[in-house]
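File shown: data_8.pdb (PDB, C-alpha atoms).
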```
ATOM      1  CA  MET F 262      -1.390 -11.344 -12.162
ATOM      2  CA  ARG F 263      -1.603  -9.775  -8.734
ATOM      3  CA  GLU F 264       1.191  -7.640  -7.364
ATOM      4  CA  LEU F 265       1.934  -6.235  -3.944
ATOM      5  CA  ALA F 266       0.826  -2.678  -3.288
ATOM      6  CA  PRO F 267       3.315  -0.051  -2.096
ATOM      7  CA  GLY F 268       4.115  -0.738   1.550
ATOM      8  CA  GLN F 269       2.647  -4.241   1.402
ATOM      9  CA  SER F 270       4.416  -7.507   2.160
ATOM     10  CA  CYS F 271       3.621 -11.155   1.556
ATOM     11  CA  GLN F 272       3.956 -13.451   4.562
ATOM     12  CA  ILE F 273       3.829 -17.244   4.435
ATOM     13  CA  SER F 274       3.147 -18.779   7.849
ATOM     14  CA  VAL F 275       2.421 -22.171   9.371
ATOM     15  CA  VAL F 276       0.012 -22.440  12.289
ATOM     16  CA  ASP F 277      -0.576 -25.295  14.725
ATOM     17  CA  SER F 278      -4.316 -25.935  14.711
ATOM     18  CA  VAL F 279      -4.227 -27.351  18.262
ATOM     19  CA  THR F 280      -2.145 -24.755  20.113
ATOM     20  CA  GLY F 281      -2.800 -21.798  17.799
ATOM     21  CA  ASP F 282       0.944 -21.055  17.668
ATOM     22  CA  SER F 283       1.927 -19.484  14.338
ATOM     23  CA  GLU F 284       5.411 -19.376  12.785
ATOM     24  CA  LEU F 285       6.437 -16.964  10.014
ATOM     25  CA  ILE F 286       8.268 -18.991   7.378
ATOM     26  CA  TYR F 287       8.941 -16.434   4.658
ATOM     27  CA  GLU F 288       8.316 -12.731   4.068
ATOM     28  CA  THR F 289       8.969 -10.596   0.996
ATOM     29  CA  THR F 290       8.062  -7.213  -0.459
ATOM     30  CA  GLN F 291       9.170  -8.271  -3.949
ATOM     31  CA  MET F 292       6.572 -10.813  -5.081
ATOM     32  CA  LEU F 293       3.016 -11.756  -4.194
ATOM     33  CA  PHE F 294       2.849 -15.474  -3.453
ATOM     34  CA  GLU F 295      -0.506 -17.205  -3.032
ATOM     35  CA  ALA F 296      -2.272 -20.377  -2.011
ATOM     36  CA  PRO F 297       0.226 -22.578  -0.167
ATOM     37  CA  ASN F 298      -0.403 -26.279  -0.139
ATOM     38  CA  TRP F 299       1.711 -29.259   0.916
ATOM     39  CA  THR F 300       3.421 -32.105  -0.861
ATOM     40  CA  PRO F 301       3.452 -35.551   0.779
ATOM     41  CA  ASP F 302       7.165 -35.145   1.565
ATOM     42  CA  GLY F 303       6.618 -31.868   3.399
ATOM     43  CA  TRP F 304       7.290 -29.013   0.968
ATOM     44  CA  LEU F 305       4.960 -26.077   0.417
ATOM     45  CA  VAL F 306       3.821 -25.295  -3.140
ATOM     46  CA  LEU F 307       2.779 -21.739  -4.042
ATOM     47  CA  ASN F 308       2.098 -19.642  -7.105
ATOM     48  CA  GLY F 309       3.669 -16.272  -7.757
ATOM     49  CA  ASP F 310       4.077 -14.134 -10.867
ATOM     50  CA  GLY F 311       2.189 -16.726 -12.917
ATOM     51  CA  ARG F 312       4.626 -19.501 -12.034
ATOM     52  CA  LEU F 313       4.846 -22.355  -9.528
ATOM     53  CA  TRP F 314       7.280 -22.413  -6.595
ATOM     54  CA  ARG F 315       8.179 -24.675  -3.711
ATOM     55  CA  LEU F 316       9.243 -23.638  -0.227
ATOM     56  CA  ARG F 317      10.578 -25.537   2.763
ATOM     57  CA  PRO F 318       8.255 -24.839   5.744
ATOM     58  CA  GLU F 319      11.044 -23.589   7.973
ATOM     59  CA  PRO F 320      12.279 -20.070   8.791
ATOM     60  CA  GLY F 321      15.018 -18.832   6.459
ATOM     61  CA  ALA F 322      13.868 -20.912   3.502
ATOM     62  CA  VAL F 323      13.626 -19.263   0.077
ATOM     63  CA  PRO F 324      11.116 -20.162  -2.675
ATOM     64  CA  GLU F 325      12.519 -22.306  -5.474
ATOM     65  CA  LEU F 326      11.042 -22.175  -8.977
ATOM     66  CA  ILE F 327       9.426 -25.396 -10.214
ATOM     67  CA  PRO F 328      10.313 -25.463 -13.930
ATOM     68  CA  LEU F 329       7.263 -26.250 -16.035
ATOM     69  CA  VAL F 330       6.960 -26.560 -19.800
ATOM     70  CA  GLY F 331       3.765 -26.263 -21.817
ATOM     71  CA  VAL F 332       1.628 -24.194 -19.458
ATOM     72  CA  PRO F 333       0.465 -20.583 -19.665
ATOM     73  CA  ASP F 334       0.672 -18.203 -16.709
ATOM     74  CA  LEU F 335      -0.928 -19.906 -13.708
ATOM     75  CA  ASN F 336      -3.502 -18.692 -11.222
ATOM     76  CA  ASN F 337      -3.778 -19.790  -7.596
ATOM     77  CA  ASP F 338      -5.727 -23.017  -8.130
ATOM     78  CA  HIS F 339      -3.231 -25.873  -7.822
ATOM     79  CA  VAL F 340      -3.905 -29.256  -6.213
ATOM     80  CA  VAL F 341      -1.374 -31.987  -5.386
ATOM     81  CA  SER F 342      -2.276 -35.527  -6.448
ATOM     82  CA  PRO F 343      -2.857 -37.850  -3.456
ATOM     83  CA  VAL F 344      -1.521 -40.905  -5.310
ATOM     84  CA  ALA F 345       1.177 -39.737  -7.746
ATOM     85  CA  GLU F 346       4.033 -37.236  -7.824
ATOM     86  CA  GLU F 347       1.939 -34.850  -9.894
ATOM     87  CA  ILE F 348       0.202 -31.540  -9.482
ATOM     88  CA  PHE F 349      -2.979 -30.304 -11.138
ATOM     89  CA  LEU F 350      -2.951 -26.680 -12.281
ATOM     90  CA  SER F 351      -5.331 -23.971 -13.478
ATOM     91  CA  GLY F 352      -3.972 -21.735 -16.207
ATOM     92  CA  ASN F 353      -4.967 -18.191 -17.055
ATOM     93  CA  ASP F 354      -6.271 -19.584 -20.339
ATOM     94  CA  TRP F 355      -9.081 -21.097 -18.169
ATOM     95  CA  GLN F 356      -7.880 -24.665 -18.786
ATOM     96  CA  ILE F 357      -6.681 -27.369 -16.343
ATOM     97  CA  TYR F 358      -3.298 -29.094 -16.656
ATOM     98  CA  VAL F 359      -1.316 -31.836 -14.939
ATOM     99  CA  ALA F 360       2.463 -31.745 -14.516
ATOM    100  CA  PRO F 361       5.198 -33.587 -12.610
ATOM    101  CA  LEU F 362       5.508 -32.191  -9.101
ATOM    102  CA  ALA F 363       9.263 -31.842  -9.542
ATOM    103  CA  GLY F 364       8.815 -29.914 -12.792
ATOM    104  CA  GLY F 365       8.753 -30.853 -16.461
ATOM    105  CA  SER F 366       6.257 -31.009 -19.289
ATOM    106  CA  ALA F 367       2.593 -30.364 -18.525
ATOM    107  CA  ARG F 368      -0.394 -31.899 -20.233
ATOM    108  CA  ARG F 369      -3.773 -30.236 -20.671
ATOM    109  CA  LEU F 370      -6.776 -32.156 -19.305
ATOM    110  CA  THR F 371      -9.725 -29.978 -20.343
ATOM    111  CA  ALA F 372     -11.080 -29.467 -23.841
ATOM    112  CA  ASP F 373     -12.012 -26.309 -25.726
ATOM    113  CA  ASP F 374     -15.302 -27.597 -27.048
ATOM    114  CA  ASP F 375     -17.320 -27.280 -23.819
ATOM    115  CA  GLY F 376     -17.099 -23.471 -23.927
ATOM    116  CA  ARG F 377     -16.520 -23.222 -20.179
ATOM    117  CA  MET F 378     -13.867 -21.488 -18.136
ATOM    118  CA  HIS F 379     -12.338 -24.055 -15.745
ATOM    119  CA  PHE F 380     -11.155 -23.296 -12.204
ATOM    120  CA  LEU F 381      -9.640 -26.307 -10.444
ATOM    121  CA  HIS F 382     -10.288 -26.873  -6.739
ATOM    122  CA  GLY F 383     -10.228 -30.528  -5.730
ATOM    123  CA  VAL F 384      -9.104 -34.059  -6.522
ATOM    124  CA  SER F 385     -10.786 -37.228  -5.277
ATOM    125  CA  PRO F 386      -8.961 -39.259  -2.600
ATOM    126  CA  ASP F 387      -8.197 -42.010  -5.126
ATOM    127  CA  GLY F 388      -6.707 -39.459  -7.509
ATOM    128  CA  THR F 389      -8.990 -40.318 -10.443
ATOM    129  CA  THR F 390     -11.443 -37.404 -10.567
ATOM    130  CA  LEU F 391     -11.172 -33.631 -10.372
ATOM    131  CA  ALA F 392     -13.720 -31.186  -8.971
ATOM    132  CA  TYR F 393     -13.694 -27.818 -10.682
ATOM    133  CA  ILE F 394     -15.789 -24.699 -11.104
ATOM    134  CA  GLY F 395     -17.171 -24.189 -14.575
ATOM    135  CA  VAL F 396     -18.126 -20.700 -15.705
ATOM    136  CA  GLN F 397     -20.012 -20.162 -18.953
ATOM    137  CA  PRO F 398     -19.335 -16.685 -20.393
ATOM    138  CA  GLU F 399     -22.437 -14.715 -21.328
ATOM    139  CA  ALA F 400     -23.034 -13.332 -24.823
ATOM    140  CA  ASP F 401     -21.917  -9.873 -23.683
ATOM    141  CA  GLY F 402     -18.670 -11.251 -22.266
ATOM    142  CA  ALA F 403     -19.791 -11.166 -18.635
ATOM    143  CA  TRP F 404     -19.150 -14.244 -16.503
ATOM    144  CA  GLY F 405     -22.077 -16.504 -15.748
ATOM    145  CA  PRO F 406     -22.528 -18.219 -12.370
ATOM    146  CA  GLY F 407     -19.925 -20.675 -11.142
ATOM    147  CA  THR F 408     -21.123 -24.280 -11.037
ATOM    148  CA  VAL F 409     -19.448 -27.363  -9.600
ATOM    149  CA  TRP F 410     -18.362 -30.015 -12.091
ATOM    150  CA  THR F 411     -16.453 -33.277 -11.784
ATOM    151  CA  MET F 412     -14.256 -34.769 -14.490
ATOM    152  CA  ARG F 413     -12.182 -37.912 -14.931
ATOM    153  CA  LEU F 414      -8.477 -37.338 -15.483
ATOM    154  CA  ASP F 415      -8.755 -38.409 -19.102
ATOM    155  CA  GLY F 416     -11.209 -35.558 -19.686
ATOM    156  CA  THR F 417     -14.269 -37.798 -19.903
ATOM    157  CA  GLU F 418     -17.387 -38.047 -17.745
ATOM    158  CA  SER F 419     -17.641 -34.320 -17.087
ATOM    159  CA  THR F 420     -20.687 -33.994 -14.835
ATOM    160  CA  GLN F 421     -22.456 -30.889 -13.533
ATOM    161  CA  ILE F 422     -23.107 -31.183  -9.790
ATOM    162  CA  THR F 423     -24.724 -27.858  -8.769
ATOM    163  CA  SER F 424     -27.334 -25.659 -10.385
ATOM    164  CA  ASN F 425     -26.491 -22.590 -12.444
ATOM    165  CA  ALA F 426     -29.358 -20.783 -10.698
ATOM    166  CA  TRP F 427     -26.756 -19.500  -8.220
ATOM    167  CA  SER F 428     -22.977 -19.251  -8.024
ATOM    168  CA  SER F 429     -20.737 -21.739  -6.197
ATOM    169  CA  ASP F 430     -16.969 -22.077  -5.749
ATOM    170  CA  GLY F 431     -14.245 -23.828  -3.751
ATOM    171  CA  SER F 432     -15.351 -27.392  -4.519
ATOM    172  CA  GLU F 433     -13.298 -29.990  -2.641
ATOM    173  CA  TYR F 434     -13.774 -33.679  -1.848
ATOM    174  CA  SER F 435     -14.149 -34.950   1.704
ATOM    175  CA  PRO F 436     -11.496 -37.526   2.667
ATOM    176  CA  ASP F 437     -14.135 -40.287   2.694
ATOM    177  CA  ALA F 438     -15.086 -39.387  -0.918
ATOM    178  CA  ARG F 439     -18.782 -39.123  -0.036
ATOM    179  CA  TRP F 440     -19.175 -35.353  -0.274
ATOM    180  CA  ILE F 441     -18.036 -32.295  -2.125
ATOM    181  CA  TYR F 442     -17.681 -29.323   0.213
ATOM    182  CA  LEU F 443     -18.034 -25.853  -1.277
ATOM    183  CA  ASN F 444     -19.069 -22.281  -0.731
ATOM    184  CA  THR F 445     -22.266 -21.186  -2.411
ATOM    185  CA  GLU F 446     -24.682 -18.303  -2.789
ATOM    186  CA  ALA F 447     -27.623 -20.724  -2.922
ATOM    187  CA  PHE F 448     -28.844 -19.658   0.525
ATOM    188  CA  SER F 449     -28.421 -15.888   0.143
ATOM    189  CA  SER F 450     -30.646 -13.286  -1.466
ATOM    190  CA  ILE F 451     -27.618 -10.996  -1.889
ATOM    191  CA  PRO F 452     -25.275 -11.724  -4.820
ATOM    192  CA  GLY F 453     -21.716 -12.439  -3.730
ATOM    193  CA  HIS F 454     -22.613 -13.566  -0.191
ATOM    194  CA  ALA F 455     -21.478 -17.175   0.255
ATOM    195  CA  GLN F 456     -21.975 -19.789   2.954
ATOM    196  CA  ILE F 457     -20.315 -23.179   3.381
ATOM    197  CA  ALA F 458     -22.294 -26.228   2.229
ATOM    198  CA  ARG F 459     -21.825 -29.767   1.012
ATOM    199  CA  VAL F 460     -23.396 -31.917  -1.698
ATOM    200  CA  PRO F 461     -23.175 -35.672  -2.418
ATOM    201  CA  VAL F 462     -20.421 -36.446  -4.940
ATOM    202  CA  ALA F 463     -22.998 -37.684  -7.454
ATOM    203  CA  GLY F 464     -25.086 -34.528  -7.048
ATOM    204  CA  GLY F 465     -28.245 -33.895  -5.105
ATOM    205  CA  GLU F 466     -29.513 -31.532  -2.450
ATOM    206  CA  LEU F 467     -27.178 -28.965  -0.948
ATOM    207  CA  GLU F 468     -26.761 -29.057   2.835
ATOM    208  CA  GLN F 469     -26.020 -25.665   4.372
ATOM    209  CA  LEU F 470     -23.350 -25.752   7.099
ATOM    210  CA  THR F 471     -22.684 -22.123   8.105
ATOM    211  CA  PHE F 472     -25.488 -19.730   9.001
ATOM    212  CA  ASP F 473     -23.832 -16.521  10.210
ATOM    213  CA  ASP F 474     -23.828 -13.044   8.685
ATOM    214  CA  ARG F 475     -20.216 -13.357   7.524
ATOM    215  CA  VAL F 476     -19.166 -14.358   3.996
ATOM    216  CA  ASN F 477     -17.505 -17.785   4.085
ATOM    217  CA  TRP F 478     -15.247 -19.393   1.488
ATOM    218  CA  PHE F 479     -12.935 -22.303   0.695
ATOM    219  CA  PRO F 480     -13.614 -25.182   3.115
ATOM    220  CA  HIS F 481     -10.626 -27.545   3.427
ATOM    221  CA  HIS F 482     -10.533 -30.885   5.251
ATOM    222  CA  ALA F 483      -7.457 -32.046   7.110
ATOM    223  CA  PRO F 484      -6.236 -35.346   5.617
ATOM    224  CA  ASP F 485      -7.596 -37.346   8.564
ATOM    225  CA  GLY F 486     -11.065 -35.834   8.036
ATOM    226  CA  ARG F 487     -11.411 -34.629  11.621
ATOM    227  CA  THR F 488     -10.987 -30.880  11.141
ATOM    228  CA  ILE F 489     -12.068 -28.313   8.546
ATOM    229  CA  VAL F 490     -10.684 -24.829   8.053
ATOM    230  CA  TYR F 491     -12.375 -22.136   5.991
ATOM    231  CA  LEU F 492     -11.835 -18.476   5.147
ATOM    232  CA  SER F 493     -14.312 -16.054   6.724
ATOM    233  CA  TYR F 494     -14.821 -12.497   5.445
ATOM    234  CA  PRO F 495     -16.548  -9.595   7.204
ATOM    235  CA  SER F 496     -20.277  -9.201   6.745
ATOM    236  CA  GLY F 497     -21.132  -7.371   3.545
ATOM    237  CA  THR F 498     -18.134  -8.603   1.552
ATOM    238  CA  VAL F 499     -18.933  -9.416  -2.072
ATOM    239  CA  GLY F 500     -17.049 -12.383  -3.490
ATOM    240  CA  HIS F 501     -13.562 -13.234  -2.220
ATOM    241  CA  PRO F 502     -11.484 -10.071  -2.658
ATOM    242  CA  ALA F 503      -7.991  -9.316  -1.449
ATOM    243  CA  ASP F 504      -6.855  -7.008   1.328
ATOM    244  CA  LEU F 505      -9.462  -7.319   4.043
ATOM    245  CA  PRO F 506      -9.405  -8.381   7.706
ATOM    246  CA  VAL F 507     -10.302 -12.071   7.515
ATOM    247  CA  GLU F 508     -10.335 -15.090   9.798
ATOM    248  CA  LEU F 509      -9.348 -18.719   9.450
ATOM    249  CA  ARG F 510     -12.087 -20.629  11.223
ATOM    250  CA  LEU F 511     -12.018 -24.230  12.441
ATOM    251  CA  VAL F 512     -14.671 -26.923  12.681
ATOM    252  CA  ARG F 513     -13.662 -29.966  14.729
ATOM    253  CA  GLY F 514     -15.297 -33.359  14.600
ATOM    254  CA  GLY F 515     -18.045 -32.202  12.259
ATOM    255  CA  ASP F 516     -19.594 -29.949  14.930
ATOM    256  CA  TRP F 517     -20.665 -26.887  12.963
ATOM    257  CA  SER F 518     -22.309 -25.425  16.078
ATOM    258  CA  ALA F 519     -18.905 -24.911  17.741
ATOM    259  CA  ILE F 520     -16.863 -22.973  15.174
ATOM    260  CA  THR F 521     -13.703 -21.299  16.499
ATOM    261  CA  THR F 522     -11.348 -18.679  15.063
ATOM    262  CA  LEU F 523      -7.788 -19.954  14.636
ATOM    263  CA  VAL F 524      -6.116 -16.894  13.059
ATOM    264  CA  SER F 525      -7.137 -13.309  12.309
ATOM    265  CA  LEU F 526      -5.114 -11.680   9.538
ATOM    266  CA  PHE F 527      -5.073  -9.173   6.679
ATOM    267  CA  GLY F 528      -5.585 -11.074   3.455
ATOM    268  CA  GLY F 529      -8.379 -12.844   1.614
ATOM    269  CA  GLN F 530      -7.753 -13.762  -2.011
ATOM    270  CA  GLY F 531      -4.655 -15.965  -2.039
ATOM    271  CA  THR F 532      -4.702 -16.773   1.691
ATOM    272  CA  ILE F 533      -6.044 -20.354   1.502
ATOM    273  CA  ASN F 534      -7.587 -20.742  -1.963
ATOM    274  CA  VAL F 535      -6.377 -24.360  -1.997
ATOM    275  CA  ASN F 536      -6.133 -27.047   0.667
ATOM    276  CA  SER F 537      -3.311 -25.917   2.930
ATOM    277  CA  TRP F 538      -3.228 -28.717   5.535
ATOM    278  CA  ALA F 539       0.037 -30.504   6.262
ATOM    279  CA  PRO F 540       0.152 -34.309   5.953
ATOM    280  CA  ASP F 541       0.114 -34.524   9.770
ATOM    281  CA  SER F 542      -3.450 -33.054   9.837
ATOM    282  CA  ARG F 543      -2.364 -30.658  12.570
ATOM    283  CA  ARG F 544      -0.498 -27.799  10.892
ATOM    284  CA  LEU F 545      -1.718 -25.612   8.059
ATOM    285  CA  ALA F 546      -0.096 -22.939   5.939
ATOM    286  CA  PHE F 547      -1.547 -19.586   4.922
ATOM    287  CA  ALA F 548      -0.589 -16.343   3.206
ATOM    288  CA  ALA F 549      -1.132 -12.869   4.680
ATOM    289  CA  TYR F 550      -0.595  -9.518   3.001
ATOM    290  CA  PRO F 551      -0.135  -6.826   5.645
ATOM    291  CA  ILE F 552       0.211  -3.181   4.668
ATOM    292  CA  CYS F 553       2.043  -0.653   6.835
ATOM    293  CA  ASN F 554      -0.294   0.702   9.527
ATOM    294  CA  LYS F 555      -2.819  -2.072   8.823
TER     295      LYS F 555
END
```

This entry written out as structure tokens:
Amino acid sequence: MRELAPGQSCQISVVDSVTGDSELIYETTQMLFEAPNWTPDGWLVLNGDGRLWRLRPEPGAVPELIPLVGVPDLNNDHVVSPVAEEIFLSGNDWQIYVAPLAGGSARRLTADDDGRMHFLHGVSPDGTTLAYIGVQPEADGAWGPGTVWTMRLDGTESTQITSNAWSSDGSEYSPDARWIYLNTEAFSSIPGHAQIARVPVAGGELEQLTFDDRVNWFPHHAPDGRTIVYLSYPSGTVGHPADLPVELRLVRGGDWSAITTLVSLFGGQGTINVNSWAPDSRRLAFAAYPICNK
């Protein structure tokens, strides 16, 4: 599990996507929190120290532990159900779980017999299907390429959506349930250099959406479908590491020719790994990790 470096702090902020005004909600030098997302009733959910926490999005609030039973240490891939008071979770055993949002006993959704490592990223708008990244370990223990899969909540109908000829990540449904948005190396000749794309939910041809020389990750739709935010790394970045100057970039009304920068910050891994839009489709939460003199 990640920890803060000496002199580093973790900041959880909420930004207004229309005005650009940002408000610091919580700051600590004691624990590295990651990947804020929102519950329907307006709480933030984060992971930290392998556990799940909730936080009121208002200055002075303090994270509260969500007590879970039957899960291993968690990573930063957690997704709130759109139709039930549940949350889907990725464990550090590479399996996917579901648990009550208020806490309680978790239930594992993935099976051991497929041999894949599972990294959760999205849930369909009707709450019946998950989108995850499957990674097949190589014989020498190295990780194979990430591929997009979908799976029914009962663990059936697991379907591969993208090719294992390249690596993809960050798979998330569009609010109209027609597309899965993702970041992918399909359009790059340099390993680790991703661009944003989308693919029909049943599979098919990838459509490239970003074409710059930056490395772009984790596209997230606002609930109303009108705005997308994604995480943009400097040119030459490999993968989605921590502790770099990054940008949160906005796409409004589906116009990918008019991308704007909403926030510049020091972060990366953990900043917006999951959908961080508020239910009002205007505000979004993010994590930054400034270091003294950075």

Query - Contacts of F:Asp504 at 9 Å (all atoms listed in the file; same-chain gap of 5+ positions) as a PyMOL selection string - result: chain F and resi 527-530+549-552

Could you work out an axis-aligned bounding box for all listed atoms of stretch 417-425 of chain F, with 5 Å added on each of the six sides, and give its centre and edge lengths in Å to one decimal, as AutoDock Vina command-line options?
```
--center_x -20.8 --center_y -30.3 --center_z -14.3 --size_x 23.1 --size_y 25.5 --size_z 21.1
```

Requested in this report: Using only C-alpha atoms, determine which residues lie at most 7 Å from F:Ile441, disregarding the query and same-chain residues fewer than 5 positions distant; provide the list as a PyMOL selection string.
Outcome: chain F and resi 432-435+459-462

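Of the listed residues (F:Thr300, F:Thr390, F:Thr423, F:Thr532), F:Thr300 comes nearest to F:Ala363; the distances count all atoms listed in the file.
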
Query - Expected selection from the PyMOL selection byres ((chain F and resi 366) around 8), given as a list in words - result: Leu329, Val330, Gly331, Ala360, Pro361, Gly364, Gly365, Ala367 and Arg368 of chain F

Quick one: which stretch 422-474 of chain F residues come within 12 Å of stretch 505-516 of chain F, and what is the nearest atom pair for each with the distance in Å to one decimal, counting only C-alpha atoms, rows ordered by chain and ascending number, as a tab-separated table?
```
residue	atom	partner	partner_atom	distance
F:Ser435	CA	F:Gly515	CA	11.6
F:Ile457	CA	F:Val512	CA	11.5
F:Leu470	CA	F:Asp516	CA	9.6
F:Thr471	CA	F:Val512	CA	10.4
```
